[in-house]
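Remarks on the structure that follows.
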Amino acid sequence: MKKLLTAFLLVLSLTIQPAFAEKPSEDAKLPKVLIIGDSISLGYTPYVKNMLKDQAEVVHNRGNAGPTMRGVANIEKWLGDTPWDVIHFNWGLWDMYGWEYAKEDRSPARYAERLEALVARLKKTKAKLIWGTTTPACPEPEKTMLRRFKTKVVIVPQLEQQYLDAALEVMKKNKVEVNDLYAVVAPELKKYSPAADDVHYTKPGYEKLGEQVAKSIEAALKAEK
């Protein structure tokens, strides 16, 4: 019974995500910046916060934004009633890999459709929007899919490119600024990745991404003045 309860709680922790945004302060002195994204963005957000601590109040949506399906379901709660000045956002790796969403329609075409809906909602905020391109898929079978679902999943370069292109087409159509995070880490992926079966990054990798994200947000804030 104890083992069953432990297993149940583990599954619960993996599948249930808080559906509300981290609440910024009421201080109106600094611009409000929202970062939306998965665990990659959770890794670089602390660096962004530190780099922009005197220029903006940076918050991340509470929890992991996961795939576009989760975004569509929770975007209203993540946005809340805060008048955001800049929103830096990404969905991509979860749509490619699936994880607990493996049975959903995760084709590049459906991904683009959901991104289109999400961008349309984000545009209504009147915030400056910045799309962070999806960081690289790992070259070997992704460890979480292998461990949790006993499934070997490798995102081949051709499929990865289809997802990247689908997102870029949506951003181009909607005139959303693109921050090419893929280009930041792809050339030196072995240097910044902890393992060939892991989509995440080492501390230097997250810091590198954080520098790029902070730079793009800083430029957007200056352009708005």
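Ordering of the structure tokens sets the chain letters (A, B, ...); residue numbers start at 1 within each chain; ligands are numbered from 1 in the order shown.
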Can you pull out the residues contacting segment 174-189 of chain A? Cut-off 7 Å, using only C-alpha atoms, and skip same-chain residues under 5 positions away; I want them as a VMD selection string.
chain A and resid 129 to 136 209 216
Store the residues of this selection in a file with N, CA and C atoms, as a CSV table (one decimal), in the first residue's frame.
```
chain,number,residue,atom,x,y,z
A,129,LEU,N,6.2,41.7,-27.2
A,129,LEU,CA,6.3,40.3,-27.2
A,129,LEU,C,7.7,39.8,-27.8
A,130,ILE,N,8.3,38.9,-27.2
A,130,ILE,CA,9.5,38.3,-27.7
A,130,ILE,C,9.5,36.8,-27.6
A,131,TRP,N,9.6,36.2,-28.8
A,131,TRP,CA,9.6,34.7,-28.9
A,131,TRP,C,11.0,34.2,-28.7
A,132,GLY,N,11.3,33.3,-27.7
A,132,GLY,CA,12.5,32.7,-27.6
A,132,GLY,C,12.5,31.4,-28.3
A,133,THR,N,13.3,31.2,-29.3
A,133,THR,CA,13.3,30.0,-30.1
A,133,THR,C,13.6,28.8,-29.3
A,134,THR,N,13.0,27.7,-29.6
A,134,THR,CA,13.2,26.4,-28.8
A,134,THR,C,14.6,25.9,-28.9
A,135,THR,N,15.1,25.6,-27.7
A,135,THR,CA,16.5,25.1,-27.7
A,135,THR,C,16.6,23.7,-28.2
A,136,PRO,N,17.8,23.2,-28.6
A,136,PRO,CA,18.0,22.0,-29.3
A,136,PRO,C,17.4,20.7,-28.6
A,209,LEU,N,22.2,31.4,-21.6
A,209,LEU,CA,20.9,31.7,-22.1
A,209,LEU,C,20.3,32.9,-21.4
A,216,SER,N,17.8,40.8,-24.7
A,216,SER,CA,16.7,41.0,-25.6
A,216,SER,C,15.6,41.8,-24.8
```
Mind listing the alpha helix (DSSP H) residues of segment 21-102 of chain A, per DSSP on the backbone, as a ChimeraX atom specification?
/A:39-51,68-79,93-97
Just write the chosen residues, N, CA and C atoms, as an mmCIF file, in the first residue's frame.
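Written file, again.cif:
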```
data_model
loop_
_atom_site.group_PDB
_atom_site.id
_atom_site.type_symbol
_atom_site.label_atom_id
_atom_site.label_comp_id
_atom_site.auth_asym_id
_atom_site.auth_seq_id
_atom_site.Cartn_x
_atom_site.Cartn_y
_atom_site.Cartn_z
ATOM 1 N N SER A 39 10.957 24.028 -18.418
ATOM 2 C CA SER A 39 12.048 23.958 -17.457
ATOM 3 C C SER A 39 13.317 24.654 -17.939
ATOM 4 N N ILE A 40 13.474 24.804 -19.242
ATOM 5 C CA ILE A 40 14.634 25.541 -19.747
ATOM 6 C C ILE A 40 14.548 26.995 -19.282
ATOM 7 N N SER A 41 13.380 27.586 -19.414
ATOM 8 C CA SER A 41 13.212 28.977 -18.973
ATOM 9 C C SER A 41 13.282 29.091 -17.453
ATOM 10 N N LEU A 42 12.823 28.063 -16.761
ATOM 11 C CA LEU A 42 12.953 28.066 -15.300
ATOM 12 C C LEU A 42 14.423 28.064 -14.894
ATOM 13 N N GLY A 43 15.265 27.461 -15.733
ATOM 14 C CA GLY A 43 16.695 27.417 -15.458
ATOM 15 C C GLY A 43 17.394 28.745 -15.677
ATOM 16 N N TYR A 44 16.968 29.502 -16.700
ATOM 17 C CA TYR A 44 17.670 30.763 -16.973
ATOM 18 C C TYR A 44 17.021 31.989 -16.342
ATOM 19 N N THR A 45 15.772 31.870 -15.884
ATOM 20 C CA THR A 45 15.085 33.034 -15.318
ATOM 21 C C THR A 45 15.809 33.663 -14.121
ATOM 22 N N PRO A 46 16.369 32.879 -13.190
ATOM 23 C CA PRO A 46 17.086 33.526 -12.079
ATOM 24 C C PRO A 46 18.223 34.429 -12.544
ATOM 25 N N TYR A 47 18.899 34.049 -13.620
ATOM 26 C CA TYR A 47 19.980 34.886 -14.148
ATOM 27 C C TYR A 47 19.408 36.161 -14.767
ATOM 28 N N VAL A 48 18.273 36.020 -15.452
ATOM 29 C CA VAL A 48 17.627 37.188 -16.044
ATOM 30 C C VAL A 48 17.202 38.161 -14.948
ATOM 31 N N LYS A 49 16.606 37.626 -13.887
ATOM 32 C CA LYS A 49 16.177 38.472 -12.771
ATOM 33 C C LYS A 49 17.348 39.251 -12.187
ATOM 34 N N ASN A 50 18.443 38.573 -11.984
ATOM 35 C CA ASN A 50 19.607 39.213 -11.394
ATOM 36 C C ASN A 50 20.202 40.274 -12.313
ATOM 37 N N MET A 51 20.273 39.969 -13.603
ATOM 38 C CA MET A 51 20.861 40.904 -14.558
ATOM 39 C C MET A 51 20.003 42.153 -14.753
ATOM 40 N N THR A 68 2.106 23.521 -25.834
ATOM 41 C CA THR A 68 1.098 24.514 -26.213
ATOM 42 C C THR A 68 -0.279 24.146 -25.679
ATOM 43 N N MET A 69 -0.563 22.856 -25.524
ATOM 44 C CA MET A 69 -1.855 22.448 -24.970
ATOM 45 C C MET A 69 -2.040 23.008 -23.560
ATOM 46 N N ARG A 70 -0.997 22.930 -22.753
ATOM 47 C CA ARG A 70 -1.061 23.469 -21.396
ATOM 48 C C ARG A 70 -1.146 24.991 -21.437
ATOM 49 N N GLY A 71 -0.469 25.590 -22.393
ATOM 50 C CA GLY A 71 -0.522 27.032 -22.535
ATOM 51 C C GLY A 71 -1.924 27.526 -22.841
ATOM 52 N N VAL A 72 -2.585 26.879 -23.789
ATOM 53 C CA VAL A 72 -3.948 27.265 -24.163
ATOM 54 C C VAL A 72 -4.885 27.146 -22.961
ATOM 55 N N ALA A 73 -4.684 26.105 -22.158
ATOM 56 C CA ALA A 73 -5.558 25.858 -21.005
ATOM 57 C C ALA A 73 -5.339 26.858 -19.872
ATOM 58 N N ASN A 74 -4.126 27.409 -19.766
ATOM 59 C CA ASN A 74 -3.779 28.199 -18.583
ATOM 60 C C ASN A 74 -3.364 29.644 -18.843
ATOM 61 N N ILE A 75 -3.359 30.078 -20.088
ATOM 62 C CA ILE A 75 -2.800 31.393 -20.405
ATOM 63 C C ILE A 75 -3.500 32.530 -19.662
ATOM 64 N N GLU A 76 -4.803 32.439 -19.476
ATOM 65 C CA GLU A 76 -5.525 33.515 -18.786
ATOM 66 C C GLU A 76 -5.045 33.666 -17.343
ATOM 67 N N LYS A 77 -4.863 32.559 -16.668
ATOM 68 C CA LYS A 77 -4.412 32.603 -15.275
ATOM 69 C C LYS A 77 -2.961 33.068 -15.185
ATOM 70 N N TRP A 78 -2.151 32.673 -16.155
ATOM 71 C CA TRP A 78 -0.748 33.101 -16.144
ATOM 72 C C TRP A 78 -0.630 34.604 -16.346
ATOM 73 N N LEU A 79 -1.445 35.134 -17.234
ATOM 74 C CA LEU A 79 -1.393 36.574 -17.503
ATOM 75 C C LEU A 79 -1.978 37.378 -16.353
ATOM 76 N N LEU A 93 9.700 22.163 -26.800
ATOM 77 C CA LEU A 93 10.242 20.836 -26.487
ATOM 78 C C LEU A 93 9.159 19.849 -26.067
ATOM 79 N N TRP A 94 8.214 20.305 -25.270
ATOM 80 C CA TRP A 94 7.140 19.404 -24.849
ATOM 81 C C TRP A 94 6.288 18.989 -26.043
ATOM 82 N N ASP A 95 6.077 19.895 -26.963
ATOM 83 C CA ASP A 95 5.295 19.548 -28.154
ATOM 84 C C ASP A 95 6.027 18.522 -29.000
ATOM 85 N N MET A 96 7.337 18.617 -29.051
ATOM 86 C CA MET A 96 8.134 17.646 -29.811
ATOM 87 C C MET A 96 8.149 16.278 -29.138
ATOM 88 N N TYR A 97 8.488 16.256 -27.849
ATOM 89 C CA TYR A 97 8.711 14.992 -27.150
ATOM 90 C C TYR A 97 7.444 14.337 -26.615
#
```
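In this model, the gap between atom CA of Asp197 of chain A and atom CA of Pro139 of chain A comes to 6.6 Å.
If only C-alpha atoms are the atoms counted, then among A:Arg148, A:Glu224, A:Leu34, A:Val119 the closest residue to Lys172 of chain A is A:Val119.
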Here atom CA of Val59 of chain A and atom CA of Lys32 of chain A stand apart by 7.9 Å
Between atom CA of Tyr206 of chain A and atom CA of Ile87 of chain A, what is the distance, to one decimal in Å?
18.9 Å
I want to know what sits within 10 Å of Ala109 of chain A, based on only C-alpha atoms, with residues of the same chain fewer than 3 positions away left out; could you give that as JSON, numbers by chain?
{"A": [105, 106, 112, 113, 114, 115, 162, 163, 166, 167]}
Looking at A:Ala117, A:Leu52, A:Ala220, A:Leu164, which one is nearest to Val86 of chain A, with distances taken over only C-alpha atoms?
A:Ala220
